[in-house]
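Below you'll find the structure, written out as structure tokens, and then a few comments.
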Amino acid sequence: MPRQKTLTVSQWLASVPAERRAAIEAVRDTVNAHLPDGYEETVDWGVLAWVVPLATLPDTYNGRPLMLAALGAHRKLMTLYLMSVYGDPKIRKEFETAYRKSGRKLDMGGSCVHFKTLDDLPLDVVADTIARVPVDEYVQRYRQSRPQRGAKKKASVKKKRPKR
């Protein structure tokens, strides 16, 4: 599969359709205003992304920066990807509860929150969720989720079947 051209944040924002630009910029401003120190805004996987820089965590499973959140402007809708919600059941439950209390309908997959207009997305809930995970805690949680390097797998023991 050919690799897509790498875009800067400014280039990515300029590529967003005009009818979605105000909503995307509002979500971006909210994330940037509440993002804990240590994360970096970039473009990865074709979306605007907030990541742990490789300088902080160079040994990711795929060699790419570890993503905390991302924002996509797709053909029919926009999507906010929240990896902390996906990876932490407590944060997910609190996010879903706060979202429903906002009176808006939650359209969510594993990590992705779909919205058609800015009115569909409670920015205060997004802000609280983004602010909850300091970079060092996120890196620690990631490292704990990965198998230890050099750890030996238990050898499977084949049982011999008795001859009949």
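Identifiers for the structure tokens are assigned positionally: chains receive A, B, ... in sequence, residues are indexed from 1 per chain, and ligands are indexed from 1 in the order shown.
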Would you list the contacts of stretch 75-89 of chain A as a JSON list (two decimals) with N, CA and C atoms, in the first residue's frame, taking every protein, DNA or RNA residue within 8 Å and counting only C-alpha atoms, but skipping same-chain residues closer than 4 positions in sequence?
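Output file selection24.json follows:
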[["chain", "number", "residue", "atom", "x", "y", "z"],
["A", 24, "ILE", "N", -14.43, 21.65, 13.21],
["A", 24, "ILE", "CA", -13.12, 21.04, 13.43],
["A", 24, "ILE", "C", -12.22, 21.97, 14.23],
["A", 67, "MET", "N", -0.81, 7.42, 20.13],
["A", 67, "MET", "CA", -1.88, 8.39, 19.97],
["A", 67, "MET", "C", -2.77, 8.44, 21.21],
["A", 68, "LEU", "N", -3.03, 9.65, 21.68],
["A", 68, "LEU", "CA", -4.00, 9.86, 22.76],
["A", 68, "LEU", "C", -5.38, 10.17, 22.16],
["A", 69, "ALA", "N", -5.39, 11.03, 21.15],
["A", 69, "ALA", "CA", -6.65, 11.43, 20.53],
["A", 69, "ALA", "C", -6.39, 11.81, 19.08],
["A", 70, "ALA", "N", -7.45, 11.81, 18.30],
["A", 70, "ALA", "CA", -7.34, 12.21, 16.90],
["A", 70, "ALA", "C", -8.68, 12.79, 16.45],
["A", 71, "LEU", "N", -8.63, 13.53, 15.37],
["A", 71, "LEU", "CA", -9.82, 14.20, 14.86],
["A", 71, "LEU", "C", -9.85, 14.05, 13.35],
["A", 93, "LYS", "N", -16.68, 4.83, 31.20],
["A", 93, "LYS", "CA", -17.97, 4.93, 31.89],
["A", 93, "LYS", "C", -18.28, 6.39, 32.25],
["A", 95, "PHE", "N", -17.06, 9.07, 30.81],
["A", 95, "PHE", "CA", -17.28, 9.80, 29.57],
["A", 95, "PHE", "C", -18.71, 9.59, 29.07],
["A", 110, "GLY", "N", -15.60, 1.87, 19.36],
["A", 110, "GLY", "CA", -14.59, 1.57, 20.38],
["A", 110, "GLY", "C", -13.96, 2.81, 20.96],
["A", 111, "SER", "N", -13.31, 3.60, 20.10],
["A", 111, "SER", "CA", -12.69, 4.84, 20.56],
["A", 111, "SER", "C", -13.26, 6.04, 19.84],
["A", 112, "CYS", "N", -14.10, 5.82, 18.86],
["A", 112, "CYS", "CA", -14.51, 6.90, 17.98],
["A", 112, "CYS", "C", -15.89, 7.44, 18.32],
["A", 113, "VAL", "N", -15.94, 8.76, 18.46],
["A", 113, "VAL", "CA", -17.19, 9.47, 18.69],
["A", 113, "VAL", "C", -17.53, 10.20, 17.40],
["A", 114, "HIS", "N", -18.64, 9.80, 16.78],
["A", 114, "HIS", "CA", -19.05, 10.40, 15.51],
["A", 114, "HIS", "C", -20.01, 11.56, 15.79],
["A", 115, "PHE", "N", -19.85, 12.63, 15.03],
["A", 115, "PHE", "CA", -20.76, 13.76, 15.16],
["A", 115, "PHE", "C", -20.89, 14.44, 13.80],
["A", 116, "LYS", "N", -22.11, 14.92, 13.51],
["A", 116, "LYS", "CA", -22.36, 15.57, 12.23],
["A", 116, "LYS", "C", -22.21, 17.08, 12.32],
["A", 117, "THR", "N", -22.54, 17.63, 13.49],
["A", 117, "THR", "CA", -22.39, 19.07, 13.70],
["A", 117, "THR", "C", -21.74, 19.28, 15.06],
["A", 129, "THR", "N", -12.25, 14.98, 29.47],
["A", 129, "THR", "CA", -11.66, 13.68, 29.12],
["A", 129, "THR", "C", -10.21, 13.84, 28.68],
["A", 133, "VAL", "N", -5.62, 12.63, 31.46],
["A", 133, "VAL", "CA", -4.53, 11.67, 31.31],
["A", 133, "VAL", "C", -3.19, 12.37, 31.06]]
Practice item. Can you list, as number ranges by chain, all residues belonging to chain A that DSSP tags as alpha helix (DSSP H)? Key: A: 9-15, 18-34, 83-87, 89-101, 123-131, 135-145
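Secondary structure by DSSP on the backbone puts the following residues of chain A in strand (DSSP E or B): Glu40, Glu41, Thr42, Val43, Asp44, Val47, Leu48, Ala49, Trp50, Val51, Val52, Leu66, Met67, Leu68, Ala69, Ala70, Leu71, Gly72, Ala73, Met78, Thr79, Leu80, Tyr81, Leu82, Met108, Cys112, Val113, His114 and Phe115 of chain A.
Using only C-alpha atoms, the nearest neighbour of A:Arg143 within the list A:Glu19, A:Glu41, A:Glu94, A:Asp59 is A:Asp59.
One distance worth recording is that between atom CA of A:Val16 and atom CA of A:Arg64, which is 23.7 Å.
Each of A:Leu57, A:Leu13, A:Val47, A:Leu35 was checked against A:Arg132 using only C-alpha atoms; the smallest atom-to-atom distance is that of A:Leu35.
As for atom CA of A:Gly38 and atom CA of A:Ala23, they are spaced 25.2 Å apart.
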Study note, to complete from the structure: From the list A:Leu66, A:Gly103, A:His74, A:Thr6, the nearest residue to A:Gln140 using only C-alpha atoms is A:Leu66
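For the atom pair formed by atom CA of A:Glu25 and atom CA of A:Thr42, the distance is 14.3 Å, given to one decimal.
Of the listed residues A:Leu7, A:Ala127, A:Leu121, A:Ala14, the one whose atoms come nearest to A:Trp45 is A:Leu7, with distances taken using only C-alpha atoms.
Considering the residues A:Val125, A:Ala26, A:Val43, A:Ala33 and counting only C-alpha atoms, A:Thr8 has its shortest atom-to-atom contact with A:Val43.
When the distance limit is 8 Å and only C-alpha atoms are what count, the residues near A:Pro36, minus those fewer than 3 positions from it on the same chain, are A:Tyr39, A:Ile130, A:Ala131, A:Val133, A:Pro134, A:Val135.
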Those same residues - C-alpha atoms - I'd like them written as a PDB file, in the first residue's frame.
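Output below, filename result-v6.pdb:
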ATOM      1  CA  TYR A  39       1.751  15.602  24.096  1.00  0.00           C
ATOM      2  CA  ILE A 130      -8.564  15.075  27.393  1.00  0.00           C
ATOM      3  CA  ALA A 131      -7.336  16.736  30.591  1.00  0.00           C
ATOM      4  CA  VAL A 133      -4.534  11.667  31.314  1.00  0.00           C
ATOM      5  CA  PRO A 134      -1.064  13.133  31.940  1.00  0.00           C
ATOM      6  CA  VAL A 135       1.540  11.927  29.454  1.00  0.00           C
TER       7      VAL A 135
END
